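Undergrad: Got a structure for you, data_9.cif, holding mmCIF, N, CA and C atoms and all ligand atoms.
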```cif
data_upload
#
loop_
_atom_site.label_atom_id
_atom_site.label_comp_id
_atom_site.auth_asym_id
_atom_site.auth_seq_id
_atom_site.Cartn_x
_atom_site.Cartn_y
_atom_site.Cartn_z
N MET I 1 21.53 8.72 4.43
CA MET I 1 20.50 7.75 4.04
C MET I 1 20.97 7.01 2.77
N PRO I 2 20.77 5.69 2.70
CA PRO I 2 21.20 4.95 1.50
C PRO I 2 20.46 5.43 0.25
N ALA I 3 21.05 5.16 -0.92
CA ALA I 3 20.42 5.52 -2.19
C ALA I 3 19.23 4.59 -2.47
N TYR I 4 18.32 5.07 -3.29
CA TYR I 4 17.20 4.24 -3.74
C TYR I 4 17.72 3.02 -4.50
N ASP I 5 17.16 1.85 -4.19
CA ASP I 5 17.58 0.60 -4.84
C ASP I 5 16.49 0.15 -5.82
N ASP I 6 16.83 0.15 -7.10
CA ASP I 6 15.87 -0.21 -8.16
C ASP I 6 15.39 -1.64 -8.09
N ASP I 7 16.05 -2.46 -7.29
CA ASP I 7 15.68 -3.88 -7.20
C ASP I 7 14.71 -4.16 -6.06
N ASN I 8 14.21 -3.11 -5.38
CA ASN I 8 13.24 -3.38 -4.31
C ASN I 8 11.95 -3.95 -4.91
N ILE I 9 11.21 -4.67 -4.08
CA ILE I 9 10.08 -5.46 -4.59
C ILE I 9 8.96 -4.59 -5.17
N PHE I 10 8.77 -3.39 -4.65
CA PHE I 10 7.71 -2.54 -5.19
C PHE I 10 8.13 -1.93 -6.55
N ALA I 11 9.42 -1.69 -6.74
CA ALA I 11 9.90 -1.26 -8.06
C ALA I 11 9.64 -2.37 -9.08
N LYS I 12 9.84 -3.62 -8.64
CA LYS I 12 9.58 -4.75 -9.55
C LYS I 12 8.09 -4.87 -9.86
N ILE I 13 7.24 -4.60 -8.88
CA ILE I 13 5.79 -4.60 -9.13
C ILE I 13 5.45 -3.50 -10.14
N LEU I 14 6.01 -2.32 -9.97
CA LEU I 14 5.74 -1.21 -10.90
C LEU I 14 6.18 -1.55 -12.32
N ARG I 15 7.27 -2.29 -12.45
CA ARG I 15 7.76 -2.67 -13.78
C ARG I 15 7.03 -3.89 -14.33
N GLY I 16 6.13 -4.48 -13.53
CA GLY I 16 5.40 -5.65 -13.98
C GLY I 16 6.22 -6.93 -13.93
N GLU I 17 7.31 -6.91 -13.20
CA GLU I 17 8.18 -8.08 -13.12
C GLU I 17 7.68 -9.12 -12.12
N ILE I 18 6.91 -8.66 -11.15
CA ILE I 18 6.21 -9.60 -10.26
C ILE I 18 4.76 -9.15 -10.14
N PRO I 19 3.85 -10.11 -9.90
CA PRO I 19 2.43 -9.77 -9.93
C PRO I 19 1.96 -9.02 -8.68
N SER I 20 0.84 -8.35 -8.84
CA SER I 20 0.20 -7.71 -7.68
C SER I 20 -1.29 -7.67 -7.94
N PHE I 21 -2.05 -7.45 -6.87
CA PHE I 21 -3.50 -7.28 -6.98
C PHE I 21 -3.78 -5.79 -7.02
N LYS I 22 -3.94 -5.28 -8.25
CA LYS I 22 -4.13 -3.84 -8.43
C LYS I 22 -5.51 -3.40 -7.94
N VAL I 23 -5.52 -2.25 -7.26
CA VAL I 23 -6.77 -1.62 -6.83
C VAL I 23 -7.06 -0.40 -7.70
N TYR I 24 -6.01 0.38 -7.96
CA TYR I 24 -6.21 1.67 -8.64
C TYR I 24 -4.86 2.17 -9.15
N GLU I 25 -4.87 2.91 -10.25
CA GLU I 25 -3.67 3.66 -10.63
C GLU I 25 -4.05 4.92 -11.38
N ASP I 26 -3.17 5.91 -11.31
CA ASP I 26 -3.28 7.09 -12.17
C ASP I 26 -1.87 7.36 -12.71
N ASP I 27 -1.67 8.54 -13.27
CA ASP I 27 -0.37 8.81 -13.90
C ASP I 27 0.79 8.73 -12.92
N ASP I 28 0.52 9.08 -11.66
CA ASP I 28 1.61 9.27 -10.69
C ASP I 28 1.67 8.23 -9.58
N THR I 29 0.59 7.48 -9.40
CA THR I 29 0.54 6.57 -8.25
C THR I 29 -0.06 5.22 -8.63
N PHE I 30 0.21 4.22 -7.77
CA PHE I 30 -0.30 2.87 -7.96
C PHE I 30 -0.76 2.36 -6.61
N CYS I 31 -1.90 1.68 -6.57
CA CYS I 31 -2.40 1.11 -5.33
C CYS I 31 -2.65 -0.37 -5.55
N PHE I 32 -2.17 -1.19 -4.62
CA PHE I 32 -2.32 -2.65 -4.72
C PHE I 32 -2.45 -3.24 -3.33
N MET I 33 -2.88 -4.51 -3.30
CA MET I 33 -3.13 -5.14 -2.00
C MET I 33 -1.84 -5.60 -1.35
N ASP I 34 -1.79 -5.47 -0.02
CA ASP I 34 -0.70 -6.07 0.77
C ASP I 34 -0.97 -7.57 0.85
N ILE I 35 0.05 -8.38 0.57
CA ILE I 35 -0.16 -9.84 0.56
C ILE I 35 -0.07 -10.46 1.95
N MET I 36 0.30 -9.65 2.93
CA MET I 36 0.25 -10.10 4.33
C MET I 36 -0.68 -9.15 5.09
N PRO I 37 -1.97 -9.23 4.77
CA PRO I 37 -2.89 -8.19 5.25
C PRO I 37 -3.11 -8.24 6.76
N ARG I 38 -2.96 -7.08 7.37
CA ARG I 38 -3.19 -6.98 8.82
C ARG I 38 -4.64 -6.62 9.13
N THR I 39 -5.38 -6.24 8.07
CA THR I 39 -6.82 -6.00 8.17
C THR I 39 -7.41 -6.45 6.83
N ASP I 40 -8.70 -6.75 6.81
CA ASP I 40 -9.35 -7.03 5.54
C ASP I 40 -9.38 -5.72 4.74
N GLY I 41 -8.84 -5.78 3.52
CA GLY I 41 -8.79 -4.57 2.70
C GLY I 41 -7.48 -3.81 2.80
N HIS I 42 -6.52 -4.35 3.54
CA HIS I 42 -5.20 -3.71 3.69
C HIS I 42 -4.54 -3.53 2.32
N CYS I 43 -4.33 -2.29 1.93
CA CYS I 43 -3.70 -2.02 0.64
C CYS I 43 -2.63 -0.94 0.78
N LEU I 44 -1.85 -0.78 -0.27
CA LEU I 44 -0.67 0.10 -0.25
C LEU I 44 -0.74 1.08 -1.40
N VAL I 45 -0.41 2.34 -1.13
CA VAL I 45 -0.33 3.36 -2.17
C VAL I 45 1.13 3.76 -2.33
N ILE I 46 1.62 3.73 -3.57
CA ILE I 46 3.02 4.09 -3.84
C ILE I 46 3.10 5.09 -5.00
N PRO I 47 4.16 5.91 -5.00
CA PRO I 47 4.39 6.76 -6.18
C PRO I 47 5.01 5.91 -7.29
N LYS I 48 4.77 6.30 -8.54
CA LYS I 48 5.36 5.56 -9.66
C LYS I 48 6.83 5.94 -9.88
N THR I 49 7.24 7.05 -9.31
CA THR I 49 8.64 7.48 -9.43
C THR I 49 9.38 7.10 -8.15
N PRO I 50 10.72 6.91 -8.27
CA PRO I 50 11.48 6.38 -7.13
C PRO I 50 11.68 7.35 -5.97
N CYS I 51 11.49 6.84 -4.77
CA CYS I 51 11.97 7.49 -3.54
C CYS I 51 11.86 6.44 -2.44
N ARG I 52 12.70 6.54 -1.43
CA ARG I 52 12.73 5.50 -0.39
C ARG I 52 11.56 5.62 0.56
N ASN I 53 11.28 6.85 0.98
CA ASN I 53 10.29 7.02 2.06
C ASN I 53 9.98 8.50 2.26
N ILE I 54 9.37 8.82 3.38
CA ILE I 54 8.94 10.21 3.65
C ILE I 54 10.12 11.17 3.73
N LEU I 55 11.33 10.63 3.94
CA LEU I 55 12.50 11.47 4.18
C LEU I 55 13.13 12.01 2.90
N ASP I 56 12.87 11.35 1.76
CA ASP I 56 13.43 11.85 0.50
C ASP I 56 12.35 12.14 -0.55
N ALA I 57 11.09 11.88 -0.23
CA ALA I 57 10.00 12.14 -1.18
C ALA I 57 9.88 13.63 -1.45
N THR I 58 9.54 13.98 -2.69
CA THR I 58 9.32 15.39 -3.02
C THR I 58 7.89 15.77 -2.64
N PRO I 59 7.64 17.07 -2.50
CA PRO I 59 6.26 17.51 -2.23
C PRO I 59 5.28 17.00 -3.31
N ALA I 60 5.73 16.93 -4.55
CA ALA I 60 4.83 16.45 -5.62
C ALA I 60 4.52 14.96 -5.44
N GLN I 61 5.52 14.17 -5.08
CA GLN I 61 5.27 12.73 -4.85
C GLN I 61 4.30 12.55 -3.69
N LEU I 62 4.51 13.32 -2.62
CA LEU I 62 3.64 13.19 -1.44
C LEU I 62 2.22 13.64 -1.75
N ALA I 63 2.10 14.73 -2.50
CA ALA I 63 0.77 15.23 -2.84
C ALA I 63 0.01 14.22 -3.69
N ALA I 64 0.72 13.62 -4.65
CA ALA I 64 0.07 12.63 -5.52
C ALA I 64 -0.36 11.42 -4.70
N CYS I 65 0.50 10.96 -3.81
CA CYS I 65 0.14 9.81 -2.97
C CYS I 65 -1.05 10.13 -2.08
N MET I 66 -1.08 11.32 -1.50
CA MET I 66 -2.17 11.66 -0.59
C MET I 66 -3.51 11.76 -1.31
N ALA I 67 -3.48 12.24 -2.55
CA ALA I 67 -4.72 12.29 -3.31
C ALA I 67 -5.26 10.88 -3.54
N THR I 68 -4.35 9.95 -3.82
CA THR I 68 -4.78 8.56 -4.03
C THR I 68 -5.17 7.91 -2.72
N VAL I 69 -4.44 8.19 -1.64
CA VAL I 69 -4.81 7.65 -0.32
C VAL I 69 -6.23 8.07 0.03
N SER I 70 -6.56 9.33 -0.19
CA SER I 70 -7.90 9.82 0.14
C SER I 70 -8.97 9.09 -0.68
N LYS I 71 -8.70 8.94 -1.96
CA LYS I 71 -9.66 8.27 -2.85
C LYS I 71 -9.86 6.81 -2.44
N VAL I 72 -8.76 6.10 -2.22
CA VAL I 72 -8.85 4.67 -1.90
C VAL I 72 -9.40 4.47 -0.48
N ALA I 73 -9.01 5.33 0.46
CA ALA I 73 -9.49 5.17 1.84
C ALA I 73 -11.02 5.28 1.88
N ASN I 74 -11.57 6.24 1.17
CA ASN I 74 -13.03 6.39 1.14
C ASN I 74 -13.69 5.18 0.49
N ALA I 75 -13.07 4.68 -0.58
CA ALA I 75 -13.62 3.51 -1.25
C ALA I 75 -13.54 2.27 -0.35
N ALA I 76 -12.41 2.10 0.33
CA ALA I 76 -12.24 0.93 1.19
C ALA I 76 -13.21 0.99 2.37
N LYS I 77 -13.41 2.17 2.93
CA LYS I 77 -14.35 2.33 4.04
C LYS I 77 -15.76 1.93 3.59
N ALA I 78 -16.14 2.38 2.40
CA ALA I 78 -17.47 2.04 1.89
C ALA I 78 -17.55 0.55 1.57
N ALA I 79 -16.52 0.01 0.91
CA ALA I 79 -16.56 -1.39 0.46
C ALA I 79 -16.66 -2.36 1.63
N PHE I 80 -16.03 -2.04 2.74
CA PHE I 80 -15.99 -2.96 3.89
C PHE I 80 -16.94 -2.53 5.00
N GLY I 81 -17.72 -1.48 4.77
CA GLY I 81 -18.61 -1.00 5.83
C GLY I 81 -17.83 -0.66 7.09
N ALA I 82 -16.62 -0.09 6.90
CA ALA I 82 -15.73 0.17 8.03
C ALA I 82 -16.19 1.40 8.82
N ASP I 83 -15.73 1.46 10.07
CA ASP I 83 -16.03 2.61 10.93
C ASP I 83 -14.96 3.69 10.82
N GLY I 84 -13.77 3.29 10.33
CA GLY I 84 -12.67 4.24 10.23
C GLY I 84 -11.53 3.66 9.43
N ILE I 85 -10.46 4.42 9.34
CA ILE I 85 -9.27 4.03 8.56
C ILE I 85 -8.02 4.28 9.41
N THR I 86 -7.09 3.34 9.37
CA THR I 86 -5.76 3.59 9.92
C THR I 86 -4.80 3.72 8.75
N LEU I 87 -4.02 4.82 8.75
CA LEU I 87 -3.02 5.07 7.71
C LEU I 87 -1.64 4.93 8.36
N GLN I 88 -0.78 4.05 7.77
CA GLN I 88 0.55 3.85 8.33
C GLN I 88 1.62 4.15 7.28
N GLN I 89 2.73 4.70 7.73
CA GLN I 89 3.90 4.91 6.86
C GLN I 89 5.15 4.76 7.71
N PHE I 90 6.07 3.88 7.30
CA PHE I 90 7.30 3.62 8.05
C PHE I 90 8.48 4.10 7.21
N SER I 91 9.42 4.80 7.83
CA SER I 91 10.58 5.33 7.11
C SER I 91 11.88 4.86 7.75
N GLU I 92 12.68 4.15 6.93
CA GLU I 92 13.95 3.54 7.31
C GLU I 92 13.72 2.39 8.31
N ALA I 93 14.71 1.52 8.39
CA ALA I 93 14.59 0.31 9.20
C ALA I 93 14.23 0.64 10.65
N ALA I 94 14.86 1.69 11.18
CA ALA I 94 14.59 2.05 12.58
C ALA I 94 13.13 2.49 12.77
N GLY I 95 12.51 2.94 11.68
CA GLY I 95 11.11 3.34 11.74
C GLY I 95 10.16 2.21 11.41
N GLY I 96 10.70 1.01 11.16
CA GLY I 96 9.85 -0.14 10.88
C GLY I 96 9.70 -0.47 9.41
N GLN I 97 10.44 0.24 8.54
CA GLN I 97 10.30 0.01 7.09
C GLN I 97 11.05 -1.25 6.66
N GLU I 98 10.40 -2.04 5.81
CA GLU I 98 11.01 -3.27 5.28
C GLU I 98 11.22 -3.21 3.78
N VAL I 99 10.35 -2.50 3.07
CA VAL I 99 10.48 -2.33 1.61
C VAL I 99 10.77 -0.86 1.35
N PHE I 100 11.90 -0.61 0.66
CA PHE I 100 12.41 0.76 0.59
C PHE I 100 12.00 1.47 -0.69
N HIS I 101 10.69 1.50 -0.92
CA HIS I 101 10.04 2.37 -1.90
C HIS I 101 8.85 2.95 -1.14
N LEU I 102 8.75 4.27 -1.11
CA LEU I 102 7.71 4.93 -0.30
C LEU I 102 6.36 4.25 -0.44
N HIS I 103 5.71 3.94 0.67
CA HIS I 103 4.36 3.38 0.61
C HIS I 103 3.56 3.78 1.84
N PHE I 104 2.27 3.91 1.60
CA PHE I 104 1.30 4.21 2.66
C PHE I 104 0.36 3.02 2.79
N HIS I 105 0.24 2.50 4.01
CA HIS I 105 -0.69 1.40 4.28
C HIS I 105 -2.07 1.98 4.59
N ILE I 106 -3.09 1.46 3.93
CA ILE I 106 -4.48 1.84 4.23
C ILE I 106 -5.17 0.63 4.85
N HIS I 107 -5.72 0.83 6.06
CA HIS I 107 -6.42 -0.25 6.77
C HIS I 107 -7.85 0.16 7.09
N PRO I 108 -8.84 -0.50 6.49
CA PRO I 108 -10.22 -0.29 6.97
C PRO I 108 -10.31 -0.83 8.40
N ARG I 109 -10.95 -0.08 9.30
CA ARG I 109 -11.03 -0.51 10.71
C ARG I 109 -12.48 -0.56 11.18
N HIS I 110 -12.75 -1.56 12.00
CA HIS I 110 -14.07 -1.70 12.61
C HIS I 110 -13.94 -1.54 14.12
N GLU I 111 -14.90 -0.87 14.69
CA GLU I 111 -14.91 -0.59 16.13
C GLU I 111 -14.62 -1.86 16.93
N GLY I 112 -13.59 -1.82 17.76
CA GLY I 112 -13.30 -2.94 18.66
C GLY I 112 -12.55 -4.10 18.03
N VAL I 113 -12.22 -4.03 16.73
CA VAL I 113 -11.52 -5.13 16.06
C VAL I 113 -10.04 -4.76 15.91
N PRO I 114 -9.14 -5.46 16.59
CA PRO I 114 -7.72 -5.11 16.49
C PRO I 114 -7.11 -5.51 15.16
N MET I 115 -6.02 -4.86 14.78
CA MET I 115 -5.27 -5.29 13.61
C MET I 115 -4.59 -6.62 13.92
N ARG I 116 -4.44 -7.47 12.89
CA ARG I 116 -3.73 -8.73 13.08
C ARG I 116 -2.22 -8.47 13.17
N ALA I 117 -1.49 -9.43 13.72
CA ALA I 117 -0.03 -9.30 13.80
C ALA I 117 0.55 -9.29 12.38
N PRO I 118 1.69 -8.63 12.18
CA PRO I 118 2.30 -8.61 10.85
C PRO I 118 2.94 -9.95 10.49
N GLY I 119 3.15 -10.17 9.17
CA GLY I 119 4.01 -11.27 8.74
C GLY I 119 3.33 -12.57 8.37
N THR I 120 2.00 -12.60 8.34
CA THR I 120 1.31 -13.83 7.93
C THR I 120 0.72 -13.65 6.53
N MET I 121 1.09 -14.55 5.62
CA MET I 121 0.61 -14.48 4.24
C MET I 121 -0.91 -14.65 4.23
N GLY I 122 -1.61 -13.84 3.44
CA GLY I 122 -3.05 -13.95 3.32
C GLY I 122 -3.45 -14.99 2.28
N ASP I 123 -4.76 -15.26 2.23
CA ASP I 123 -5.31 -16.16 1.21
C ASP I 123 -5.45 -15.35 -0.09
N MET I 124 -4.82 -15.83 -1.16
CA MET I 124 -4.75 -15.03 -2.39
C MET I 124 -6.11 -14.81 -3.05
N ASP I 125 -6.99 -15.79 -2.99
CA ASP I 125 -8.33 -15.60 -3.57
C ASP I 125 -9.10 -14.51 -2.81
N THR I 126 -8.96 -14.54 -1.50
CA THR I 126 -9.64 -13.52 -0.68
C THR I 126 -9.07 -12.14 -0.97
N ILE I 127 -7.75 -12.04 -1.07
CA ILE I 127 -7.12 -10.74 -1.34
C ILE I 127 -7.55 -10.21 -2.71
N LYS I 128 -7.61 -11.11 -3.69
CA LYS I 128 -8.05 -10.71 -5.04
C LYS I 128 -9.49 -10.17 -4.99
N ASP I 129 -10.33 -10.87 -4.24
CA ASP I 129 -11.72 -10.45 -4.08
C ASP I 129 -11.80 -9.07 -3.39
N HIS I 130 -10.98 -8.87 -2.37
CA HIS I 130 -10.99 -7.58 -1.66
C HIS I 130 -10.52 -6.45 -2.58
N ALA I 131 -9.52 -6.73 -3.42
CA ALA I 131 -9.06 -5.70 -4.39
C ALA I 131 -10.21 -5.28 -5.29
N ALA I 132 -10.96 -6.27 -5.76
CA ALA I 132 -12.08 -5.97 -6.66
C ALA I 132 -13.17 -5.17 -5.95
N GLN I 133 -13.40 -5.49 -4.68
CA GLN I 133 -14.43 -4.75 -3.91
C GLN I 133 -14.04 -3.29 -3.75
N ILE I 134 -12.77 -3.04 -3.43
CA ILE I 134 -12.34 -1.64 -3.26
C ILE I 134 -12.37 -0.92 -4.61
N ALA I 135 -11.86 -1.59 -5.64
CA ALA I 135 -11.83 -0.96 -6.97
C ALA I 135 -13.23 -0.57 -7.42
N ALA I 136 -14.19 -1.45 -7.14
CA ALA I 136 -15.57 -1.17 -7.57
C ALA I 136 -16.17 0.03 -6.83
N ALA I 137 -15.64 0.34 -5.65
CA ALA I 137 -16.20 1.43 -4.85
C ALA I 137 -15.51 2.77 -5.13
N ILE I 138 -14.49 2.75 -5.98
CA ILE I 138 -13.79 4.01 -6.31
C ILE I 138 -14.61 4.80 -7.32
N SER I 139 -14.85 6.07 -6.98
CA SER I 139 -15.70 6.87 -7.87
C SER I 139 -14.83 7.67 -8.84
P1 LIG I 201 6.88 -1.85 5.58
O1 LIG I 201 8.07 -1.56 4.68
O2 LIG I 201 7.29 -2.18 6.99
O3 LIG I 201 5.85 -0.77 5.54
O4 LIG I 201 6.19 -3.17 5.11
C1 LIG I 201 6.18 -3.62 3.79
C2 LIG I 201 4.84 -4.23 3.50
O5 LIG I 201 4.90 -4.77 2.19
C3 LIG I 201 4.41 -5.36 4.43
O6 LIG I 201 3.12 -5.06 4.97
C4 LIG I 201 4.37 -6.59 3.53
O7 LIG I 201 3.33 -7.48 3.86
C5 LIG I 201 4.16 -5.96 2.17
N1 LIG I 201 4.65 -6.74 1.03
C6 LIG I 201 5.86 -7.34 0.91
N2 LIG I 201 5.98 -7.93 -0.30
C7 LIG I 201 4.82 -7.68 -0.95
C8 LIG I 201 4.32 -8.02 -2.25
N3 LIG I 201 5.03 -8.73 -3.13
N4 LIG I 201 3.07 -7.60 -2.59
C9 LIG I 201 2.34 -6.88 -1.73
N5 LIG I 201 2.75 -6.52 -0.50
C10 LIG I 201 3.97 -6.92 -0.11
#
```
Let me see the structure of the file written as structure tokens.
TA:
Amino acid sequence: MPAYDDDNIFAKILRGEIPSFKVYEDDDTFCFMDIMPRTDGHCLVIPKTPCRNILDATPAQLAACMATVSKVANAAKAAFGADGITLQQFSEAAGGQEVFHLHFHIHPRHEGVPMRAPGTMGDMDTIKDHAAQIAAAIS
């Protein structure tokens, strides 16, 4: 497996070199909105320390991410009146991964509403508003 690359876009977000719509952070994890949202409220949870994906993450990194996933998923479900949550994680290119810093996608889901196709940029004002809605619902 290739080494972790410090120049990946999520590492730059963590360093504050490029902007993001923050939802939540604690000592070990950061949650922000996906800018090509496949669902309303689509957000990403990442560890603050480097690892490519599920294949090299430590148990501590995974545990920290899962605690944040649980917190944000419940908040997103409440904020959007969702019926459920889809959690996605892709590891390595063959697994569908495009950004090589471990991340978990959280999607609020409504009964009978399909996810949108990937790759379409969202409206930034709407995404900012959705970040605020989820953040406000975090207890
Ligand atoms: P994947 O590695 O396949 O799980 O996908 C990477 C995800 O990162 C995609 O859903 C992209 O829309 C998202 N993404 C890429 N660049 C940014 C960015 N600057 N801010 C937020 N999300 C991003």
Undergrad: Just the number, please: distance in Å from atom C10 of ligand LIG 201 (chain I) to atom CA of I:Ala63, one decimal.
TA: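 Computed distance, atom C10 of ligand LIG 201 (chain I) to atom CA of I:Ala63, equals 22.5 Å.
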Undergrad: Extract, using all atoms listed in the file, all DNA, RNA and protein residues at most 6.5 Å from stretch 119-123 of chain I, discarding same-chain residues fewer than 6 positions from it, and format them as a list in words.
TA: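 The contact residues come out as Ile35, Met36 and Pro37 of chain I.
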Undergrad: Tell me which of I:Cys51, I:Ala67, I:Ala79, I:Ile9 sits closest to ligand LIG 201 (chain I), counting all atoms listed in the file.
TA: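 For ligand LIG 201 (chain I), the nearest of the candidates is I:Ile9.
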Undergrad: Could the residues that lie within 6.5 Å of ligand LIG 201 (chain I), counting all atoms listed in the file, be listed as a list in words?
TA: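 What falls inside 6.5 Å of ligand LIG 201 (chain I) is Ile9, Pro19, Ser20, Phe32, Met33, Asp34, Ile35, Met36, Pro37, Gln89, Phe90, Gly96, Gln97, Glu98, Val99, Phe100, His103 and Gly119 of chain I.
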Undergrad: Figure out the distance between atom CA of I:Ile18 and atom CA of I:Lys48, please, to one decimal in Å.
TA: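 For atom CA of I:Lys48 relative to atom CA of I:Ile18, the distance reads 15.2 Å.
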Undergrad: Which residues, written as a list in words, have at least one atom at most 7 Å from I:Pro108, with all atoms listed in the file counted and residues fewer than 6 positions away on the same chain left out?
TA: Thr39, Asp40, Gly41, His42, Cys43, Ala76, Lys77, Ala82, Asp83, Gly84, Ile85 and Thr86 of chain I
Undergrad: One number please: atom C of I:Asp28 to atom CA of I:Ala60, in Å, one decimal.
TA: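 Between atom C of I:Asp28 and atom CA of I:Ala60 the gap works out to 9.7 Å.
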Undergrad: As lines of an AutoDock Vina configuration file, please: the centre and edge lengths in Å, to one decimal, of an axis-aligned box enclosing every listed atom of stretch 69-85 of chain I with 5 Å added on each side.
TA:
```
center_x = -11.5
center_y = 3.4
center_z = 4.0
size_x = 24.2
size_y = 22.8
size_z = 23.8
```
Undergrad: Which of these residues is nearest to I:Tyr24, using only C-alpha atoms: I:Ile127, I:Ala132, I:Ala117, I:Leu55?
TA: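 Among I:Ile127, I:Ala132, I:Ala117, I:Leu55, it is I:Ala132 that comes nearest to I:Tyr24.
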Undergrad: Which residue is closest to I:Lys71? Choose from I:Leu44, I:Met1, I:Ile138, I:Met115 and count only N, CA and C atoms.
TA: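 The answer is I:Ile138, which sits nearest to I:Lys71.
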Undergrad: Residues around (5.6, 1.1, -0.6), cut-off 5 Å, counting all atoms listed in the file - what are they as an MDAnalysis selection string?
TA: chainID I and resid 101:104
Undergrad: How would the residues just picked look written out with N, CA and C atoms as an mmCIF file, keeping the file's coordinate frame?
TA:
```cif
data_model
loop_
_atom_site.group_PDB
_atom_site.id
_atom_site.type_symbol
_atom_site.label_atom_id
_atom_site.label_comp_id
_atom_site.auth_asym_id
_atom_site.auth_seq_id
_atom_site.Cartn_x
_atom_site.Cartn_y
_atom_site.Cartn_z
ATOM 1 N N HIS I 101 10.690 1.500 -0.920
ATOM 2 C CA HIS I 101 10.040 2.370 -1.900
ATOM 3 C C HIS I 101 8.850 2.950 -1.140
ATOM 4 N N LEU I 102 8.750 4.270 -1.110
ATOM 5 C CA LEU I 102 7.710 4.930 -0.300
ATOM 6 C C LEU I 102 6.360 4.250 -0.440
ATOM 7 N N HIS I 103 5.710 3.940 0.670
ATOM 8 C CA HIS I 103 4.360 3.380 0.610
ATOM 9 C C HIS I 103 3.560 3.780 1.840
ATOM 10 N N PHE I 104 2.270 3.910 1.600
ATOM 11 C CA PHE I 104 1.300 4.210 2.660
ATOM 12 C C PHE I 104 0.360 3.020 2.790
#
```
Undergrad: With distances taken over only N, CA and C atoms, which of I:Arg52, I:Ala137, I:Val69, I:Cys31 is nearest to I:Ala3?
TA: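 The answer is I:Arg52, which sits nearest to I:Ala3.
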Undergrad: Could you find all residues in chain I that DSSP calls strand (DSSP E) from the backbone, and write them as a count of residues only?
TA: 25
Undergrad: For each of I:Glu92, I:Asp129, I:Thr29, I:Leu87, take the minimum atom-to-atom distance to I:Ile54, counting only N, CA and C atoms, then give the residue where this is smallest.
TA: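 Nearest candidate to I:Ile54 out of I:Glu92, I:Asp129, I:Thr29, I:Leu87: I:Glu92.
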